[in-house]
Amino acid sequence: MKKVYSRPKYLKPVPNHYCPGCGHSIVHRLICEIIEEMKMGERVISVAPAGCAVLAYFYFDFDTVEAAHGRGAAVATGIKRSLPEALVFSYQGDGDLAAIGTAETIHAASRGERITVIFINNGIYGMTGGQMAPTTPLGMKATTAPEGRDSRREGFPLDISHLLAEIPGSAYIIRTAVNSPKTIRQTKKAIREAFQCQLDDEGFSLVEVLSMCPTNWKLDPEQSCAYIDQVMSRTFPPGVLVDRRQKQKPAGEEES
């Protein structure tokens with residue numbers, strides 16, 4: 001029998017700790033597939049976050065550094081400047097990146113750091129009990145917003161990727177999801193494009209991935225996939241937010 005699907009080379013054959021229906025394991029697999037296809041296993045260095053993906057180094061079979069909470073972009077910057085030939089990416093959640101790590105992320109983009117950020121957005125604090133995150137949509141319930149997020153009380157959700165797209169140092173910012181086979185394929189393509197943007201020395205790149213959190217959304221996995229389309233995608237519409245990559249454009253084409 002012909003084998004058509006197997007575990008990627010750089011994804012360790014160990015059980016993971018993620019809840020059933022969580023999107024983290026999907027994104028982990030995509031990253032490992034891309035690293036193998038791009039033959040970058042000896043050059044890649046990842047930066048693991050605080051939060052649900054804190055144990056990413058248990059699953060990635062390539063060099064990984066643990067960063068303090070919110071400092072992923074800063075740590076990735078230091079690694080990339082020390083080892084400019086490396087492919088460096090930070091893997092961060094919405095609390096890690098868009099709350100305590102807002103300054104580090106914004107200034108890394110402002111400097112046009114040649115790093116890639118994989119930003120997992122499930123709209124809630126997953127590891128610490130389901131508190132409201134900067135990205136929690138209006139109306140979504142959380143342990144710290146039991147009646148649902150209200151703009152007058154808790155403010156509006158922060159569209160950090162849209163903000164980053166306005167910064168000239170950002171070369172490629174895209175938002176995708178992992179709630180269907182189609183969106184998973186789109187996410188894989190987006191991550192590969194972001195990695196190539198870094199290798200081409202274009203500037204800062206970020207892929208925001210809308211991801212399911214059945215445990216803290218109080219939904220089953222199937223309902224959580226639908227929630228991405230019904231709620232998350234309306235608050236954070238998927239698509240390319242900015243693409244300033246010159247090497248991807250025909251000669252003479254100017255940025256619109």
# chains A, B, ... in the order shown; residues from 1 in each chain; ligands from 1
call {"tool": "residues_around", "arguments": {"residues": "Ser46 in chain A", "least_positions_apart": "2", "cutoff": "8 Å", "atoms": "only C-alpha atoms", "output": "PyMOL selection string"}}
result
chain A and resi 44+48+62-65+76+88-91
call {"tool": "atom_distance", "arguments": {"atom1": "CA of His69 in chain A", "atom2": "CA of Ala50 in chain A"}}
result
5.0 Å
call {"tool": "atom_distance", "arguments": {"atom1": "CA of Pro214 in chain A", "atom2": "CA of Pro20 in chain A"}}
result
7.6 Å
call {"tool": "select_by_dssp", "arguments": {"residues": "range 20-134 of chain A", "states": "strand (DSSP E or B)", "output": "MDAnalysis selection string"}}
result
chainID A and resid 44:48 60 63:66 87:93 116:121 124 132
call {"tool": "write_last_selection", "arguments": {"atoms": "C-alpha atoms", "output": "tab-separated table (two decimals), in the first residue's frame"}}
result
chain	number	residue	atom	x	y	z
A	44	VAL	CA	15.73	27.11	11.89
A	45	ILE	CA	15.48	28.42	15.46
A	46	SER	CA	12.07	28.87	17.07
A	47	VAL	CA	11.11	30.90	20.12
A	48	ALA	CA	8.48	29.33	22.36
A	60	PHE	CA	9.60	20.54	17.57
A	63	ASP	CA	16.45	24.24	17.98
A	64	THR	CA	13.98	26.10	20.22
A	65	VAL	CA	14.52	28.81	22.83
A	66	GLU	CA	12.05	29.65	25.59
A	87	LEU	CA	15.47	31.14	9.90
A	88	VAL	CA	14.06	32.55	13.15
A	89	PHE	CA	10.43	32.57	14.19
A	90	SER	CA	8.53	33.23	17.40
A	91	TYR	CA	5.34	31.34	18.17
A	92	GLN	CA	2.96	33.37	20.33
A	93	GLY	CA	-0.62	33.53	21.54
A	116	THR	CA	8.71	35.80	11.43
A	117	VAL	CA	5.97	35.68	14.04
A	118	ILE	CA	3.33	32.94	14.13
A	119	PHE	CA	0.47	34.52	16.07
A	120	ILE	CA	-2.24	32.16	17.38
A	121	ASN	CA	-5.46	34.07	18.09
A	124	ILE	CA	-9.11	34.12	25.12
A	132	MET	CA	-10.61	37.91	28.60
call {"tool": "select_by_dssp", "arguments": {"residues": "range 90-223 of chain A", "states": "helix (DSSP H, G or I)", "output": "VMD selection string"}}
result
chain A and resid 94 to 100 102 to 110 151 to 154 160 to 165 181 to 199 214 to 217 221 to 223
call {"tool": "closest_residue", "arguments": {"among": "A:Gly169, A:Lys9, A:Leu164, A:Pro221", "to": "Val207 in chain A", "atoms": "only C-alpha atoms"}}
result
A:Leu164
call {"tool": "closest_atom_pairs", "arguments": {"of": "range 67-178 of chain A", "to": "range 237-246 of chain A", "cutoff": "7 Å", "atoms": "only C-alpha atoms", "output": "CSV"}}
result
residue,atom,partner,partner_atom,distance
A:His162,CA,A:Leu241,CA,6.5
A:Ala165,CA,A:Val242,CA,5.5
A:Ala171,CA,A:Arg244,CA,4.7
A:Tyr172,CA,A:Asp243,CA,4.6
A:Ile173,CA,A:Val242,CA,5.3
A:Ile174,CA,A:Val240,CA,4.2
A:Arg175,CA,A:Pro238,CA,4.7
A:Thr176,CA,A:Pro238,CA,5.1
call {"tool": "residues_around", "arguments": {"residues": "Ile184 in chain A", "least_positions_apart": "2", "cutoff": "12 Å", "atoms": "only C-alpha atoms", "output": "list in words"}}
result
Gly23, His24, Ser25, Ile26, Val27, His28, Arg29, Leu30, Ile31, Arg175, Thr176, Ala177, Val178, Asn179, Ser180, Pro181, Lys182, Gln186, Thr187, Lys188, Lys189, Ala190, Ile191, Val209, Leu210, Ser211 and Cys225 of chain A
call {"tool": "write_last_selection", "arguments": {"atoms": "C-alpha atoms", "output": "PDB file, in the first residue's frame"}}
result
ATOM      1  CA  GLY A  23      -5.675  24.462  16.737  1.00  0.00           C
ATOM      2  CA  HIS A  24      -2.137  24.507  18.144  1.00  0.00           C
ATOM      3  CA  SER A  25      -1.355  20.936  17.133  1.00  0.00           C
ATOM      4  CA  ILE A  26      -2.476  21.656  13.563  1.00  0.00           C
ATOM      5  CA  VAL A  27      -0.192  24.670  13.285  1.00  0.00           C
ATOM      6  CA  HIS A  28       2.702  22.724  14.818  1.00  0.00           C
ATOM      7  CA  ARG A  29       2.351  20.109  12.131  1.00  0.00           C
ATOM      8  CA  LEU A  30       2.182  22.711   9.350  1.00  0.00           C
ATOM      9  CA  ILE A  31       5.352  24.399  10.581  1.00  0.00           C
ATOM     10  CA  ARG A 175      -4.502  36.458   8.715  1.00  0.00           C
ATOM     11  CA  THR A 176      -5.717  32.893   8.186  1.00  0.00           C
ATOM     12  CA  ALA A 177      -7.497  30.127  10.152  1.00  0.00           C
ATOM     13  CA  VAL A 178      -7.324  26.375  10.772  1.00  0.00           C
ATOM     14  CA  ASN A 179     -11.005  25.419  11.097  1.00  0.00           C
ATOM     15  CA  SER A 180     -11.359  23.557   7.785  1.00  0.00           C
ATOM     16  CA  PRO A 181      -9.210  21.716   5.216  1.00  0.00           C
ATOM     17  CA  LYS A 182      -9.318  24.800   2.961  1.00  0.00           C
ATOM     18  CA  GLN A 186      -4.197  28.545   3.202  1.00  0.00           C
ATOM     19  CA  THR A 187      -2.385  28.758   6.529  1.00  0.00           C
ATOM     20  CA  LYS A 188       0.378  26.450   5.342  1.00  0.00           C
ATOM     21  CA  LYS A 189       0.895  28.604   2.257  1.00  0.00           C
ATOM     22  CA  ALA A 190       0.902  31.780   4.380  1.00  0.00           C
ATOM     23  CA  ILE A 191       3.540  30.462   6.804  1.00  0.00           C
ATOM     24  CA  VAL A 209      -3.968  32.211  12.757  1.00  0.00           C
ATOM     25  CA  LEU A 210      -7.552  32.158  14.039  1.00  0.00           C
ATOM     26  CA  SER A 211      -7.609  29.037  16.171  1.00  0.00           C
ATOM     27  CA  CYS A 225     -14.885  25.372  13.965  1.00  0.00           C
TER      28      CYS A 225
END
call {"tool": "residues_around", "arguments": {"residues": "Lys141 in chain A", "least_positions_apart": "3", "cutoff": "12 Å", "atoms": "only C-alpha atoms", "output": "ChimeraX atom specification"}}
result
/A:123-125,130-133,136-138,144-150,154,216-219
call {"tool": "closest_atom_pairs", "arguments": {"of": "range 165-252 of chain A", "to": "range 108-112 of chain A", "cutoff": "9 Å", "atoms": "only C-alpha atoms", "output": "JSON lines"}}
result
{"residue": "A:Ala165", "atom": "CA", "partner": "A:Ala109", "partner_atom": "CA", "distance": 8.9}
{"residue": "A:Ile167", "atom": "CA", "partner": "A:Ser110", "partner_atom": "CA", "distance": 5.9}
{"residue": "A:Pro168", "atom": "CA", "partner": "A:Ser110", "partner_atom": "CA", "distance": 6.8}
{"residue": "A:Gly169", "atom": "CA", "partner": "A:Gly112", "partner_atom": "CA", "distance": 3.9}
{"residue": "A:Ser170", "atom": "CA", "partner": "A:Ala109", "partner_atom": "CA", "distance": 5.4}
{"residue": "A:Ala171", "atom": "CA", "partner": "A:Gly112", "partner_atom": "CA", "distance": 7.7}
{"residue": "A:Glu202", "atom": "CA", "partner": "A:Gly112", "partner_atom": "CA", "distance": 8.3}
{"residue": "A:Gly203", "atom": "CA", "partner": "A:Gly112", "partner_atom": "CA", "distance": 4.7}
{"residue": "A:Phe204", "atom": "CA", "partner": "A:Gly112", "partner_atom": "CA", "distance": 4.9}
{"residue": "A:Ser205", "atom": "CA", "partner": "A:Ala109", "partner_atom": "CA", "distance": 8.0}
call {"tool": "atom_distance", "arguments": {"atom1": "CA of Ala142 in chain A", "atom2": "CA of Asn16 in chain A"}}
result
25.1 Å
call {"tool": "residues_around", "arguments": {"residues": "Leu199 in chain A", "least_positions_apart": "6", "cutoff": "9 Å", "atoms": "only C-alpha atoms", "output": "PyMOL selection string"}}
result
chain A and resi 85-87+114
call {"tool": "write_last_selection", "arguments": {"atoms": "C-alpha atoms", "output": "compact mmCIF listing (two decimals), in the first residue's frame"}}
result
# COMPACT_ATOMS: atom_id res chain seq x y z
CA GLU A 85 21.66 33.13 8.21
CA ALA A 86 19.20 31.37 10.52
CA LEU A 87 15.47 31.14 9.90
CA ARG A 114 14.05 39.99 9.66
call {"tool": "decode", "arguments": {"residues": "range 147-185 of chain A", "atoms": "N, CA and C atoms", "output": "mmCIF file, in the first residue's frame"}}
result
data_model
loop_
_atom_site.group_PDB
_atom_site.id
_atom_site.type_symbol
_atom_site.label_atom_id
_atom_site.label_comp_id
_atom_site.auth_asym_id
_atom_site.auth_seq_id
_atom_site.Cartn_x
_atom_site.Cartn_y
_atom_site.Cartn_z
ATOM 1 N N GLU A 147 -20.542 38.250 31.578
ATOM 2 C CA GLU A 147 -21.725 38.658 30.810
ATOM 3 C C GLU A 147 -21.392 38.890 29.336
ATOM 4 N N GLY A 148 -20.141 38.676 28.964
ATOM 5 C CA GLY A 148 -19.700 38.942 27.601
ATOM 6 C C GLY A 148 -18.994 40.281 27.521
ATOM 7 N N ARG A 149 -18.010 40.366 26.655
ATOM 8 C CA ARG A 149 -17.249 41.611 26.533
ATOM 9 C C ARG A 149 -18.146 42.753 26.089
ATOM 10 N N ASP A 150 -18.074 43.867 26.819
ATOM 11 C CA ASP A 150 -18.849 45.065 26.529
ATOM 12 C C ASP A 150 -17.866 46.199 26.234
ATOM 13 N N SER A 151 -18.038 46.884 25.135
ATOM 14 C CA SER A 151 -17.078 47.915 24.732
ATOM 15 C C SER A 151 -16.990 49.058 25.728
ATOM 16 N N ARG A 152 -18.095 49.362 26.413
ATOM 17 C CA ARG A 152 -18.073 50.460 27.394
ATOM 18 C C ARG A 152 -17.353 50.054 28.670
ATOM 19 N N ARG A 153 -17.346 48.778 28.955
ATOM 20 C CA ARG A 153 -16.733 48.300 30.195
ATOM 21 C C ARG A 153 -15.311 47.786 29.970
ATOM 22 N N GLU A 154 -15.128 46.945 28.944
ATOM 23 C CA GLU A 154 -13.818 46.334 28.704
ATOM 24 C C GLU A 154 -13.104 46.848 27.463
ATOM 25 N N GLY A 155 -13.733 47.745 26.724
ATOM 26 C CA GLY A 155 -13.111 48.255 25.512
ATOM 27 C C GLY A 155 -13.332 47.324 24.331
ATOM 28 N N PHE A 156 -12.744 47.685 23.212
ATOM 29 C CA PHE A 156 -12.910 46.913 21.985
ATOM 30 C C PHE A 156 -11.771 45.907 21.817
ATOM 31 N N PRO A 157 -12.020 44.829 21.085
ATOM 32 C CA PRO A 157 -10.930 43.886 20.790
ATOM 33 C C PRO A 157 -9.840 44.566 19.970
ATOM 34 N N LEU A 158 -8.604 44.207 20.248
ATOM 35 C CA LEU A 158 -7.453 44.813 19.586
ATOM 36 C C LEU A 158 -7.076 44.021 18.340
ATOM 37 N N ASP A 159 -7.149 44.679 17.190
ATOM 38 C CA ASP A 159 -6.728 44.060 15.930
ATOM 39 C C ASP A 159 -5.249 44.383 15.734
ATOM 40 N N ILE A 160 -4.402 43.608 16.406
ATOM 41 C CA ILE A 160 -2.974 43.894 16.421
ATOM 42 C C ILE A 160 -2.341 43.720 15.040
ATOM 43 N N SER A 161 -2.827 42.781 14.246
ATOM 44 C CA SER A 161 -2.244 42.574 12.916
ATOM 45 C C SER A 161 -2.537 43.768 12.010
ATOM 46 N N HIS A 162 -3.738 44.324 12.108
ATOM 47 C CA HIS A 162 -4.083 45.511 11.323
ATOM 48 C C HIS A 162 -3.191 46.683 11.729
ATOM 49 N N LEU A 163 -2.926 46.789 13.017
ATOM 50 C CA LEU A 163 -2.047 47.850 13.510
ATOM 51 C C LEU A 163 -0.632 47.666 12.957
ATOM 52 N N LEU A 164 -0.139 46.423 13.022
ATOM 53 C CA LEU A 164 1.216 46.137 12.536
ATOM 54 C C LEU A 164 1.339 46.387 11.040
ATOM 55 N N ALA A 165 0.257 46.162 10.311
ATOM 56 C CA ALA A 165 0.287 46.350 8.860
ATOM 57 C C ALA A 165 0.525 47.807 8.478
ATOM 58 N N GLU A 166 0.217 48.735 9.370
ATOM 59 C CA GLU A 166 0.412 50.161 9.093
ATOM 60 C C GLU A 166 1.863 50.594 9.258
ATOM 61 N N ILE A 167 2.698 49.731 9.827
ATOM 62 C CA ILE A 167 4.091 50.075 10.094
ATOM 63 C C ILE A 167 4.945 49.761 8.867
ATOM 64 N N PRO A 168 5.708 50.705 8.359
ATOM 65 C CA PRO A 168 6.495 50.479 7.130
ATOM 66 C C PRO A 168 7.447 49.295 7.191
ATOM 67 N N GLY A 169 7.945 48.952 8.367
ATOM 68 C CA GLY A 169 8.881 47.836 8.490
ATOM 69 C C GLY A 169 8.237 46.474 8.309
ATOM 70 N N SER A 170 6.902 46.427 8.340
ATOM 71 C CA SER A 170 6.196 45.164 8.135
ATOM 72 C C SER A 170 6.145 44.853 6.648
ATOM 73 N N ALA A 171 6.768 43.754 6.248
ATOM 74 C CA ALA A 171 6.812 43.392 4.836
ATOM 75 C C ALA A 171 5.637 42.510 4.433
ATOM 76 N N TYR A 172 5.187 41.654 5.348
ATOM 77 C CA TYR A 172 4.135 40.700 4.993
ATOM 78 C C TYR A 172 3.339 40.351 6.236
ATOM 79 N N ILE A 173 2.067 40.759 6.260
ATOM 80 C CA ILE A 173 1.167 40.458 7.368
ATOM 81 C C ILE A 173 -0.090 39.825 6.778
ATOM 82 N N ILE A 174 -0.440 38.643 7.249
ATOM 83 C CA ILE A 174 -1.598 37.931 6.725
ATOM 84 C C ILE A 174 -2.350 37.253 7.869
ATOM 85 N N ARG A 175 -3.680 37.145 7.707
ATOM 86 C CA ARG A 175 -4.502 36.458 8.715
ATOM 87 C C ARG A 175 -5.201 35.269 8.056
ATOM 88 N N THR A 176 -5.109 34.115 8.702
ATOM 89 C CA THR A 176 -5.717 32.893 8.186
ATOM 90 C C THR A 176 -6.444 32.184 9.332
ATOM 91 N N ALA A 177 -6.826 30.920 9.125
ATOM 92 C CA ALA A 177 -7.497 30.127 10.152
ATOM 93 C C ALA A 177 -7.136 28.662 9.956
ATOM 94 N N VAL A 178 -7.586 27.816 10.884
ATOM 95 C CA VAL A 178 -7.324 26.375 10.772
ATOM 96 C C VAL A 178 -8.577 25.570 11.120
ATOM 97 N N ASN A 179 -9.740 26.069 10.729
ATOM 98 C CA ASN A 179 -11.005 25.419 11.097
ATOM 99 C C ASN A 179 -11.603 24.568 9.981
ATOM 100 N N SER A 180 -10.875 24.387 8.882
ATOM 101 C CA SER A 180 -11.359 23.557 7.785
ATOM 102 C C SER A 180 -10.163 23.135 6.935
ATOM 103 N N PRO A 181 -10.312 22.105 6.103
ATOM 104 C CA PRO A 181 -9.210 21.716 5.216
ATOM 105 C C PRO A 181 -8.742 22.872 4.334
ATOM 106 N N LYS A 182 -9.679 23.675 3.824
ATOM 107 C CA LYS A 182 -9.318 24.800 2.961
ATOM 108 C C LYS A 182 -8.479 25.823 3.710
ATOM 109 N N THR A 183 -8.918 26.208 4.915
ATOM 110 C CA THR A 183 -8.178 27.232 5.658
ATOM 111 C C THR A 183 -6.835 26.690 6.152
ATOM 112 N N ILE A 184 -6.767 25.393 6.431
ATOM 113 C CA ILE A 184 -5.487 24.799 6.831
ATOM 114 C C ILE A 184 -4.486 24.896 5.689
ATOM 115 N N ARG A 185 -4.930 24.613 4.469
ATOM 116 C CA ARG A 185 -4.047 24.741 3.304
ATOM 117 C C ARG A 185 -3.611 26.193 3.110
#
